Each structure stands twice: as C-alpha cells, then as structure tokens.
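A short write-up of the structure that comes next.
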Amino acid sequence: MNPNLKWKAIFILAVILLCIYGLIGLPTFPTSITQMKENFRQRLVETRVRFKRLSNEDLEAYLASGEWRGKAGGYAIQGLAGTFVVKLVGSYTNVVGLPLYETLSLLGGEGYPVHFGWLNAV
C-alpha cells in the first residue's frame, strides 16, 4: 500500500467524519449541439451526509479493506462506508456520483426522450 495514498485517505476521512459532510453536484448540459459554447442548463444539488463517530477499530478496518482507493472523498456510500452513515439529507444519487432526478429533469426540459425504452425494460 502506498503510504502517501493511505495518509491522504486518512486525512480526508478524518475531515469528513468530524463534521457534517456537504456535497454539491452540478449537472450541466448544452441546450443543443450547435449551441454548446453558448447556452447551458444546470442545476445545483446540495446533499448533506452525517457519519457516525468512528472508532480507531472502524477506521483501521475500513482502511485495511482498500475500498477507499480511487474514491472521491475516500469512500463510497454504496459500499462498506455506507454502514457509517447516520443521516443523509438530499440526493443519495448525488453522493454516489450523478444526481439522477435533477439530470433527468434537465434532459426532459430540453426535449430529450428520457423515458424512451422504459415500457420494455421489465
């Protein structure tokens, strides 16, 4: 294990776990292909995640799992770190990586067929 990466993960997790963690998502799309440089639609999505107070044993076990590698913020809420979440206010999918409701709202507002193919999906 690369010590620099491990210490970076420890630092990020320590900062996140000492406070309520706020996450901002900002999906942005051009209004049309021909206007890519001029017109954009975007929506700000704020999500707050509160973690339990981690013991040394919790932190050591999580770091030993290696799950934190390659993760923004050093964790993935849909993985082992999800067991540390006490409260989430906002968009779960924003924490995972893409605020789906807001993204579909933006796409639908621009006339994209967001429900295309849903009838035969099941």
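Chain lettering (A, B, ...) mirrors the order of the structure tokens, residue numbering begins at 1 for each chain separately, and ligand numbering begins at 1 in order of display.
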message: Need the shell around A:Val114: protein/DNA/RNA residues with any atom at most 8 Å away, counting only C-alpha atoms. Skip same-chain ones fewer than 5 positions apart. Format as a ChimeraX atom specification?
response: /A:104,107-108
Write out as a PDB file with N, CA and C atoms, in the first residue's frame each polymer residue whose atoms come within 10 Å of A:Gly74, counting only C-alpha atoms; drop sequence neighbours fewer than 4 positions from it.
```
ATOM      1  N   LEU A   5      -0.896   7.601  -0.377  1.00  0.00           N
ATOM      2  CA  LEU A   5      -2.323   7.441  -0.647  1.00  0.00           C
ATOM      3  C   LEU A   5      -3.088   7.106   0.624  1.00  0.00           C
ATOM      4  N   LYS A   6      -2.510   6.250   1.471  1.00  0.00           N
ATOM      5  CA  LYS A   6      -3.189   5.874   2.712  1.00  0.00           C
ATOM      6  C   LYS A   6      -3.333   7.094   3.626  1.00  0.00           C
ATOM      7  N   LYS A   8      -3.379  10.197   2.766  1.00  0.00           N
ATOM      8  CA  LYS A   8      -4.343  11.110   2.152  1.00  0.00           C
ATOM      9  C   LYS A   8      -5.766  10.651   2.468  1.00  0.00           C
ATOM     10  N   ALA A   9      -6.012   9.348   2.366  1.00  0.00           N
ATOM     11  CA  ALA A   9      -7.334   8.805   2.690  1.00  0.00           C
ATOM     12  C   ALA A   9      -7.671   9.045   4.157  1.00  0.00           C
ATOM     13  N   ILE A  10      -6.709   8.833   5.043  1.00  0.00           N
ATOM     14  CA  ILE A  10      -6.939   9.063   6.480  1.00  0.00           C
ATOM     15  C   ILE A  10      -7.301  10.526   6.722  1.00  0.00           C
ATOM     16  N   PHE A  11      -6.575  11.439   6.088  1.00  0.00           N
ATOM     17  CA  PHE A  11      -6.848  12.858   6.267  1.00  0.00           C
ATOM     18  C   PHE A  11      -8.246  13.222   5.774  1.00  0.00           C
ATOM     19  N   ILE A  12      -8.573  12.797   4.569  1.00  0.00           N
ATOM     20  CA  ILE A  12      -9.894  13.119   4.003  1.00  0.00           C
ATOM     21  C   ILE A  12     -11.002  12.538   4.860  1.00  0.00           C
ATOM     22  N   LEU A  13     -10.863  11.277   5.259  1.00  0.00           N
ATOM     23  CA  LEU A  13     -11.894  10.651   6.097  1.00  0.00           C
ATOM     24  C   LEU A  13     -12.010  11.350   7.443  1.00  0.00           C
ATOM     25  N   ILE A  16     -13.945  14.590   6.908  1.00  0.00           N
ATOM     26  CA  ILE A  16     -15.355  14.297   6.643  1.00  0.00           C
ATOM     27  C   ILE A  16     -16.060  13.823   7.909  1.00  0.00           C
ATOM     28  N   LEU A  63      -9.788   1.182   6.296  1.00  0.00           N
ATOM     29  CA  LEU A  63      -8.576   1.425   5.516  1.00  0.00           C
ATOM     30  C   LEU A  63      -7.952   0.115   5.044  1.00  0.00           C
ATOM     31  N   GLY A  66      -9.287  -1.474   1.769  1.00  0.00           N
ATOM     32  CA  GLY A  66      -8.851  -0.937   0.488  1.00  0.00           C
ATOM     33  C   GLY A  66      -9.972  -0.318  -0.331  1.00  0.00           C
ATOM     34  N   GLU A  67     -11.183  -0.341   0.183  1.00  0.00           N
ATOM     35  CA  GLU A  67     -12.318   0.197  -0.573  1.00  0.00           C
ATOM     36  C   GLU A  67     -12.168   1.688  -0.869  1.00  0.00           C
ATOM     37  N   TRP A  68     -11.456   2.386  -0.045  1.00  0.00           N
ATOM     38  CA  TRP A  68     -11.295   3.825  -0.187  1.00  0.00           C
ATOM     39  C   TRP A  68     -10.475   4.215  -1.418  1.00  0.00           C
ATOM     40  N   ARG A  69      -9.703   3.296  -1.950  1.00  0.00           N
ATOM     41  CA  ARG A  69      -8.836   3.609  -3.091  1.00  0.00           C
ATOM     42  C   ARG A  69      -9.650   4.027  -4.313  1.00  0.00           C
ATOM     43  N   GLY A  70      -9.242   5.132  -4.898  1.00  0.00           N
ATOM     44  CA  GLY A  70      -9.893   5.596  -6.116  1.00  0.00           C
ATOM     45  C   GLY A  70     -11.262   6.211  -5.916  1.00  0.00           C
ATOM     46  N   ALA A  81     -18.540   1.842   3.552  1.00  0.00           N
ATOM     47  CA  ALA A  81     -18.674   3.119   4.270  1.00  0.00           C
ATOM     48  C   ALA A  81     -20.127   3.500   4.492  1.00  0.00           C
TER      49      ALA A  81
END
```
Can you pull out the residues contacting A:Lys87? Cut-off 10 Å, using only C-alpha atoms, and skip same-chain residues under 2 positions away; I want them as a PDB file with N, CA and C atoms, in the first residue's frame.
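The new file out.pdb reads:
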```pdb
ATOM      1  N   ILE A  20     -20.476  17.408   9.605  1.00  0.00           N
ATOM      2  CA  ILE A  20     -21.481  17.014   8.623  1.00  0.00           C
ATOM      3  C   ILE A  20     -20.889  17.340   7.257  1.00  0.00           C
ATOM      4  N   ARG A  48     -26.344  16.589   2.216  1.00  0.00           N
ATOM      5  CA  ARG A  48     -25.572  16.539   3.467  1.00  0.00           C
ATOM      6  C   ARG A  48     -25.561  15.104   3.991  1.00  0.00           C
ATOM      7  N   VAL A  49     -24.366  14.672   4.339  1.00  0.00           N
ATOM      8  CA  VAL A  49     -24.190  13.314   4.851  1.00  0.00           C
ATOM      9  C   VAL A  49     -23.543  13.420   6.224  1.00  0.00           C
ATOM     10  N   ARG A  50     -24.135  12.748   7.213  1.00  0.00           N
ATOM     11  CA  ARG A  50     -23.543  12.728   8.553  1.00  0.00           C
ATOM     12  C   ARG A  50     -23.095  11.308   8.863  1.00  0.00           C
ATOM     13  N   PHE A  51     -21.853  11.186   9.291  1.00  0.00           N
ATOM     14  CA  PHE A  51     -21.292   9.891   9.645  1.00  0.00           C
ATOM     15  C   PHE A  51     -21.276   9.708  11.146  1.00  0.00           C
ATOM     16  N   LYS A  52     -21.294   8.464  11.572  1.00  0.00           N
ATOM     17  CA  LYS A  52     -21.131   8.182  12.999  1.00  0.00           C
ATOM     18  C   LYS A  52     -19.699   8.505  13.401  1.00  0.00           C
ATOM     19  N   PHE A  84     -21.429   3.507   7.967  1.00  0.00           N
ATOM     20  CA  PHE A  84     -21.064   4.597   8.879  1.00  0.00           C
ATOM     21  C   PHE A  84     -22.017   5.781   8.786  1.00  0.00           C
ATOM     22  N   VAL A  85     -22.915   5.785   7.808  1.00  0.00           N
ATOM     23  CA  VAL A  85     -23.808   6.925   7.583  1.00  0.00           C
ATOM     24  C   VAL A  85     -24.965   6.896   8.578  1.00  0.00           C
ATOM     25  N   VAL A  89     -29.374  13.914   4.023  1.00  0.00           N
ATOM     26  CA  VAL A  89     -30.420  14.859   3.642  1.00  0.00           C
ATOM     27  C   VAL A  89     -30.095  15.330   2.234  1.00  0.00           C
ATOM     28  N   GLY A  90     -30.960  15.012   1.287  1.00  0.00           N
ATOM     29  CA  GLY A  90     -30.721  15.403  -0.091  1.00  0.00           C
ATOM     30  C   GLY A  90     -30.784  14.207  -1.014  1.00  0.00           C
TER      31      GLY A  90
END
```
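Closest to A:Val86 among A:Ser105, A:Leu119, A:Leu54, A:Arg43 is A:Leu54, based on only C-alpha atoms.
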